[in-house]
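One structure is given here, and the rest of the page talks about it.
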Amino acid sequence: MVGNGDAGCSGSGGEPLLSCKRTSYLRSLSRSDDELRVFRSCLRWMCVDQSDTCHAVVSWSVFLLLSIFVPTASHFVLNCFPGRRAYDVAVQLSLTSASALAFVCLSHFVRRYGLRRFLFLDKLVGESERVRAGYMDQLNRSFRLLSLFVMPCFAGEVAYKIWWYSSGSERVPFPIAGSMAVGNVVACALELASWIYRVALFLFVCVLFRLMCYLQILRLQDFAAVFVEGGPTSDVAEVLGEHLRIRRQLRIISHRYRSFILYSVILVSASQLVALLLTTRHRAIVNFNNAGELALCSIGLVTGLLICLRSAAKITHKAQAITSQAATWHVCATIESDAENRTPVPSCDDESGEEDEECRKDDGEEILDVGKITPCHMNNICYQKRQALVTYLENNPAGITVFGFVVDRTWLHALFMLEFSLVMWLLGKTIGIS
């Protein structure tokens with residue numbers, strides 16, 4: 001028998017239930033005629049759209065071409081002096097590893113959840129108008145934000161590649177269309193396309209993580225307004241249910257992105273330590289000619305990692321600040337209810353006969369005012385509910401986690417000290433800093 005939650009989908013046979021499940025599944029898939037049409041068109045321009053088999057084949061082909069084939073060919077085929085690209089291996093491996101990590105994660109997300117479910121668009125139905133409008137605005141601005149991060153580095157890469165190809169002899173050892181200059185132009189264009197594709201792909205997944213964190217920040221702002229606007233009349237059960245819903249979505253985001261964040265930290269840290277080792281080793285020649293691309297690569301990778309860490313830490317501290325707001329609301333509600341219950345106590349020495357009768361016993365029994373006892377009992381229950389809510393929030397902090405570790409300022413401080421220790425140890429091994 002089908003439970004009450006599926007009563008609207010069940011029928012006398014199994015066919016209506018299957019049809020309802022199929023409809024629910026189709027709703028979670030990406031459709032080109034909904035609010036994601038602009039977003040999906042941008043995905044196609046980036047060649048990362050995998051909504052069907054044809055687009056998936058194109059996406060994987062472009063990834064193999066620009067992330068693996070072009071960097072490998074540029075390193076082994078281009079004719080250059082040994083010192084001109086001394087750090088090319090570190091640059092190509094770092095960018096290829098970062099793009100491969102981002103591409104595999106993005107493919108897994110879209111294939112398993114669908115674009116709508118992955119972006120939490122199916123969860124916006126019960127949200128306020130401010131949350132829906134703010135999230136859709138950020139969704140439409142995602143690619144503009146991505147271009148804001150990518151284009152400055154790409155402009156520097158274009159200037160560096162043009163200068164590098166025009167400052168020496170022919171880089172391509174064989175002519176194309178009968179001209180060495182054409183070969184240099186084609187090689188330069190392919191290298192630039194490979195560079196911007198890999199950097200943009202890594203930063204794109206980081207921007208998507210920031211987008212999901214922004215949705216939860218909007219929801220937390222609406223949630224915090226309950227304690228400010230509702231005051232003592234706020235329903236504790238409703239507040240608890242909303243907090244549980246936010247915690248569940250934060251756990252979903254953490255579960256989806258924990259591997260990407262962890263491997264990004266390891267990858268970026270390893271690439272920066274290798275770059276530091278190469279540039280500080282004995283007899284290392286560091287100048288704009290051979291280390292310019294290494295600097296641009298480091299800027300791109302570190303920017304993506306900082307986007308993820310800042311977004312995770314921001315949403316974690318927004319979620320943890322709810323405890324302070326709930327405690328403030330609890331104190332204000334307690335003080336206000338206590339002030340309302342304070343009523344003047346009539347004196348038994350009053351000369352008035354009516355007041356004297358109220359203070360005396362009637363036939364050996366005290367006259368009890370039930371109307372004064374019930375509000376006190378209700379206030380006690382409300383106090384216990386508020387206290388239970390504050391205790392729950394104190395012992396169940398929400399936020400982004402990476403395999404159980406909450407990404408907050410303490411976690412970031414520990415990560416910084418670990419990185420700093422590794423850097424100082426490496427510098428001690430290379431240039432003798434102790």
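To be explicit about the labels: the chains of the structure tokens are called A, B, and onward in the order shown, and within each one the residues are counted from 1, while ligands get numbers from 1 in the order they are shown.
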>> Env of His282 (chain A): 9 Å cut, atoms = only C-alpha atoms, seq-sep filter 2 positions within chain, self excluded. Answer as a PyMOL selection string.
In response: chain A and resi 278-280+284+430-431
> Any idea what's packed within 8 Å of Phe260 (chain A), counting only C-alpha atoms, ignoring anything in its chain fewer than 2 positions away? Could you give it as an MDAnalysis selection string?
Replying inline: chainID A and resid 101:102 105 257:258 262:264
Kindly export the residues of the current selection with C-alpha atoms, as a CSV table (one decimal), in the first residue's frame.
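Output below, filename result.csv:
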chain,number,residue,atom,x,y,z
A,101,LEU,CA,39.5,17.5,-11.8
A,102,ALA,CA,36.9,20.2,-12.6
A,105,CYS,CA,33.4,16.6,-11.1
A,257,TYR,CA,31.9,19.3,-3.3
A,258,ARG,CA,34.0,17.7,-0.5
A,262,LEU,CA,40.0,18.5,-0.9
A,263,TYR,CA,41.7,17.7,-4.2
A,264,SER,CA,41.9,21.4,-5.1
Write out as a PDB file with N, CA and C atoms, in the first residue's frame each polymer residue whose atoms come within 9 Å of Gln387 (chain A), counting only C-alpha atoms; drop sequence neighbours fewer than 4 positions from it.
ATOM      1  N   ALA A 327      19.848  33.251  20.707  1.00  0.00           N
ATOM      2  CA  ALA A 327      20.038  33.517  22.131  1.00  0.00           C
ATOM      3  C   ALA A 327      19.543  34.912  22.499  1.00  0.00           C
ATOM      4  N   HIS A 330      15.837  34.810  22.601  1.00  0.00           N
ATOM      5  CA  HIS A 330      15.387  34.109  23.805  1.00  0.00           C
ATOM      6  C   HIS A 330      15.433  35.031  25.013  1.00  0.00           C
ATOM      7  N   CYS A 382       6.671  28.075  27.016  1.00  0.00           N
ATOM      8  CA  CYS A 382       7.342  28.841  25.954  1.00  0.00           C
ATOM      9  C   CYS A 382       8.822  29.020  26.265  1.00  0.00           C
ATOM     10  N   TYR A 383       9.120  29.259  27.542  1.00  0.00           N
ATOM     11  CA  TYR A 383      10.522  29.403  27.936  1.00  0.00           C
ATOM     12  C   TYR A 383      11.300  28.110  27.682  1.00  0.00           C
ATOM     13  N   THR A 391      19.634  25.567  22.856  1.00  0.00           N
ATOM     14  CA  THR A 391      20.542  24.451  23.148  1.00  0.00           C
ATOM     15  C   THR A 391      20.795  23.607  21.900  1.00  0.00           C
ATOM     16  N   TYR A 392      19.752  23.385  21.116  1.00  0.00           N
ATOM     17  CA  TYR A 392      19.917  22.623  19.869  1.00  0.00           C
ATOM     18  C   TYR A 392      20.857  23.343  18.908  1.00  0.00           C
TER      19      TYR A 392
END
Closest atom pairs, region 238-337 of chain A residues within 8 Å of region 188-210 of chain A, only C-alpha atoms, as a Markdown table:
| residue | atom | partner | partner_atom | distance |
| --- | --- | --- | --- | --- |
| A:Tyr257 | CA | A:Phe209 | CA | 7.7 |
| A:Gly300 | CA | A:Val199 | CA | 6.5 |
| A:Leu301 | CA | A:Val199 | CA | 7.6 |
| A:Thr303 | CA | A:Leu203 | CA | 7.9 |
| A:Gly304 | CA | A:Leu203 | CA | 5.2 |
| A:Leu305 | CA | A:Cys206 | CA | 7.4 |
| A:Ile307 | CA | A:Cys206 | CA | 6.3 |
| A:Cys308 | CA | A:Cys206 | CA | 5.7 |
| A:Ser311 | CA | A:Arg210 | CA | 5.5 |
| A:Ala312 | CA | A:Arg210 | CA | 7.9 |
> Which of these, A:Ser298, A:Gln216, A:Asn380, A:Gln92, has the shortest distance to Leu276 (chain A) once you count only C-alpha atoms?
Replying inline: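 The closest residue to Leu276 (chain A) is A:Ser298.
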Could you name the residues that touch Gly404 (chain A) at 10 Å or less, counting only C-alpha atoms, but leaving out those on the same chain fewer than 2 positions away, as a PDB file with all heavy atoms, in the first residue's frame?
ATOM      1  N   SER A 254      27.970  20.019   0.841  1.00  0.00           N
ATOM      2  CA  SER A 254      29.244  19.516   1.351  1.00  0.00           C
ATOM      3  C   SER A 254      29.563  18.144   0.775  1.00  0.00           C
ATOM      4  O   SER A 254      30.715  17.864   0.409  1.00  0.00           O
ATOM      5  CB  SER A 254      29.194  19.442   2.882  1.00  0.00           C
ATOM      6  OG  SER A 254      28.923  20.706   3.447  1.00  0.00           O
ATOM      7  N   HIS A 255      28.560  17.286   0.685  1.00  0.00           N
ATOM      8  CA  HIS A 255      28.787  15.940   0.158  1.00  0.00           C
ATOM      9  C   HIS A 255      29.182  15.987  -1.317  1.00  0.00           C
ATOM     10  O   HIS A 255      30.037  15.206  -1.757  1.00  0.00           O
ATOM     11  CB  HIS A 255      27.532  15.101   0.349  1.00  0.00           C
ATOM     12  CG  HIS A 255      27.671  13.694  -0.157  1.00  0.00           C
ATOM     13  ND1 HIS A 255      28.381  12.730   0.516  1.00  0.00           N
ATOM     14  CD2 HIS A 255      27.200  13.103  -1.286  1.00  0.00           C
ATOM     15  CE1 HIS A 255      28.327  11.599  -0.161  1.00  0.00           C
ATOM     16  NE2 HIS A 255      27.625  11.793  -1.258  1.00  0.00           N
ATOM     17  N   ARG A 258      32.893  17.997  -1.474  1.00  0.00           N
ATOM     18  CA  ARG A 258      33.992  17.731  -0.546  1.00  0.00           C
ATOM     19  C   ARG A 258      35.227  17.187  -1.258  1.00  0.00           C
ATOM     20  O   ARG A 258      36.352  17.585  -0.946  1.00  0.00           O
ATOM     21  CB  ARG A 258      33.525  16.751   0.532  1.00  0.00           C
ATOM     22  CG  ARG A 258      33.043  15.403   0.004  1.00  0.00           C
ATOM     23  CD  ARG A 258      32.519  14.521   1.108  1.00  0.00           C
ATOM     24  NE  ARG A 258      32.093  13.228   0.595  1.00  0.00           N
ATOM     25  CZ  ARG A 258      31.593  12.262   1.364  1.00  0.00           C
ATOM     26  NH1 ARG A 258      31.463  12.468   2.657  1.00  0.00           N
ATOM     27  NH2 ARG A 258      31.235  11.113   0.833  1.00  0.00           N
ATOM     28  N   ILE A 400      29.542  24.323   5.921  1.00  0.00           N
ATOM     29  CA  ILE A 400      30.157  23.468   4.915  1.00  0.00           C
ATOM     30  C   ILE A 400      31.234  22.618   5.588  1.00  0.00           C
ATOM     31  O   ILE A 400      32.066  23.134   6.330  1.00  0.00           O
ATOM     32  CB  ILE A 400      30.766  24.314   3.780  1.00  0.00           C
ATOM     33  CG1 ILE A 400      29.679  25.143   3.096  1.00  0.00           C
ATOM     34  CG2 ILE A 400      31.460  23.417   2.768  1.00  0.00           C
ATOM     35  CD1 ILE A 400      28.612  24.340   2.408  1.00  0.00           C
ATOM     36  N   THR A 401      31.201  21.330   5.318  1.00  0.00           N
ATOM     37  CA  THR A 401      32.182  20.410   5.892  1.00  0.00           C
ATOM     38  C   THR A 401      32.913  19.673   4.773  1.00  0.00           C
ATOM     39  O   THR A 401      32.360  19.462   3.691  1.00  0.00           O
ATOM     40  CB  THR A 401      31.509  19.393   6.818  1.00  0.00           C
ATOM     41  OG1 THR A 401      30.537  18.633   6.071  1.00  0.00           O
ATOM     42  CG2 THR A 401      30.813  20.088   7.977  1.00  0.00           C
ATOM     43  N   VAL A 402      34.149  19.294   5.065  1.00  0.00           N
ATOM     44  CA  VAL A 402      34.961  18.486   4.151  1.00  0.00           C
ATOM     45  C   VAL A 402      35.347  17.215   4.898  1.00  0.00           C
ATOM     46  O   VAL A 402      36.244  17.238   5.749  1.00  0.00           O
ATOM     47  CB  VAL A 402      36.212  19.252   3.678  1.00  0.00           C
ATOM     48  CG1 VAL A 402      37.073  18.368   2.785  1.00  0.00           C
ATOM     49  CG2 VAL A 402      35.807  20.512   2.936  1.00  0.00           C
ATOM     50  N   VAL A 406      34.634  21.041   9.662  1.00  0.00           N
ATOM     51  CA  VAL A 406      33.897  22.256   9.321  1.00  0.00           C
ATOM     52  C   VAL A 406      34.860  23.297   8.760  1.00  0.00           C
ATOM     53  O   VAL A 406      35.897  23.601   9.364  1.00  0.00           O
ATOM     54  CB  VAL A 406      33.170  22.821  10.553  1.00  0.00           C
ATOM     55  CG1 VAL A 406      32.398  24.085  10.188  1.00  0.00           C
ATOM     56  CG2 VAL A 406      32.228  21.777  11.139  1.00  0.00           C
ATOM     57  N   VAL A 407      34.530  23.841   7.600  1.00  0.00           N
ATOM     58  CA  VAL A 407      35.372  24.856   6.957  1.00  0.00           C
ATOM     59  C   VAL A 407      35.016  26.214   7.549  1.00  0.00           C
ATOM     60  O   VAL A 407      34.115  26.913   7.081  1.00  0.00           O
ATOM     61  CB  VAL A 407      35.186  24.845   5.433  1.00  0.00           C
ATOM     62  CG1 VAL A 407      36.124  25.867   4.779  1.00  0.00           C
ATOM     63  CG2 VAL A 407      35.439  23.465   4.861  1.00  0.00           C
TER      64      VAL A 407
END
Find the nearest atom pair between each residue of region 146-264 of chain A and region 114-131 of chain A for residues within 7 Å, count only C-alpha atoms, give distances in Å to one decimal, sort rows by chain and ascending number, and present the table as a tab-separated table.
residue	atom	partner	partner_atom	distance
A:Met212	CA	A:Leu119	CA	6.8
A:Leu218	CA	A:Val131	CA	5.6
A:Arg219	CA	A:Val131	CA	6.5
Selection near region 137-139 of chain A, 9 Å with only C-alpha atoms, sequence-local residues under 4 positions removed, as a compact mmCIF listing (two decimals) with N, CA and C atoms, in the first residue's frame:
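Saved file result-v2.txt follows:
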# COMPACT_ATOMS: atom_id res chain seq x y z
N LEU A 36 16.81 28.17 -17.56
CA LEU A 36 18.22 27.81 -17.74
C LEU A 36 18.69 27.91 -19.18
N PHE A 39 21.80 29.95 -19.42
CA PHE A 39 22.89 29.25 -18.74
C PHE A 39 23.38 28.08 -19.58
N LEU A 119 21.69 22.72 -9.34
CA LEU A 119 21.67 24.14 -8.99
C LEU A 119 20.59 24.48 -7.97
N ARG A 132 14.27 33.96 -4.23
CA ARG A 132 14.20 33.51 -5.63
C ARG A 132 14.78 34.56 -6.57
N ALA A 133 14.43 35.83 -6.36
CA ALA A 133 14.94 36.88 -7.24
C ALA A 133 16.45 37.04 -7.09
N PHE A 143 28.36 33.80 -15.37
CA PHE A 143 29.36 33.83 -16.43
C PHE A 143 30.04 35.20 -16.52
N LEU A 208 30.44 28.02 -9.53
CA LEU A 208 29.21 27.30 -9.24
C LEU A 208 29.09 26.99 -7.74
N LEU A 211 28.00 30.07 -6.12
CA LEU A 211 26.59 30.32 -6.40
C LEU A 211 25.69 29.55 -5.43
N TYR A 214 25.77 31.08 -2.08
CA TYR A 214 25.02 32.34 -2.04
C TYR A 214 23.54 32.09 -1.82
N LEU A 215 23.01 31.00 -2.41
CA LEU A 215 21.61 30.65 -2.17
C LEU A 215 21.37 30.39 -0.69
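Using only C-alpha atoms, the smallest distance between any of A:Asp88, A:Ala295, A:Thr96, A:Lys429 and Leu65 (chain A) comes from A:Thr96.
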> Using the chain letters and numbers from this document, which residues of region 62-216 of chain A does DSSP assign to helix (DSSP H, G or I), as an NGL selection string?
Replying inline: :A and (62-77 or 88-113 or 115-118 or 121-123 or 129-140 or 142-166 or 180-216)
> Which is closer to Lys318 (chain A) than all the others in A:Val274, A:Leu220, A:Val268, A:Leu250, using only C-alpha atoms?
Replying inline: A:Leu220
> Excluding same-chain residues fewer than 3 positions from Ser51 (chain A), what lies within 8 Å of it counting only C-alpha atoms, as a VMD selection string?
Replying inline: chain A and resid 30 55 to 56 110 to 111
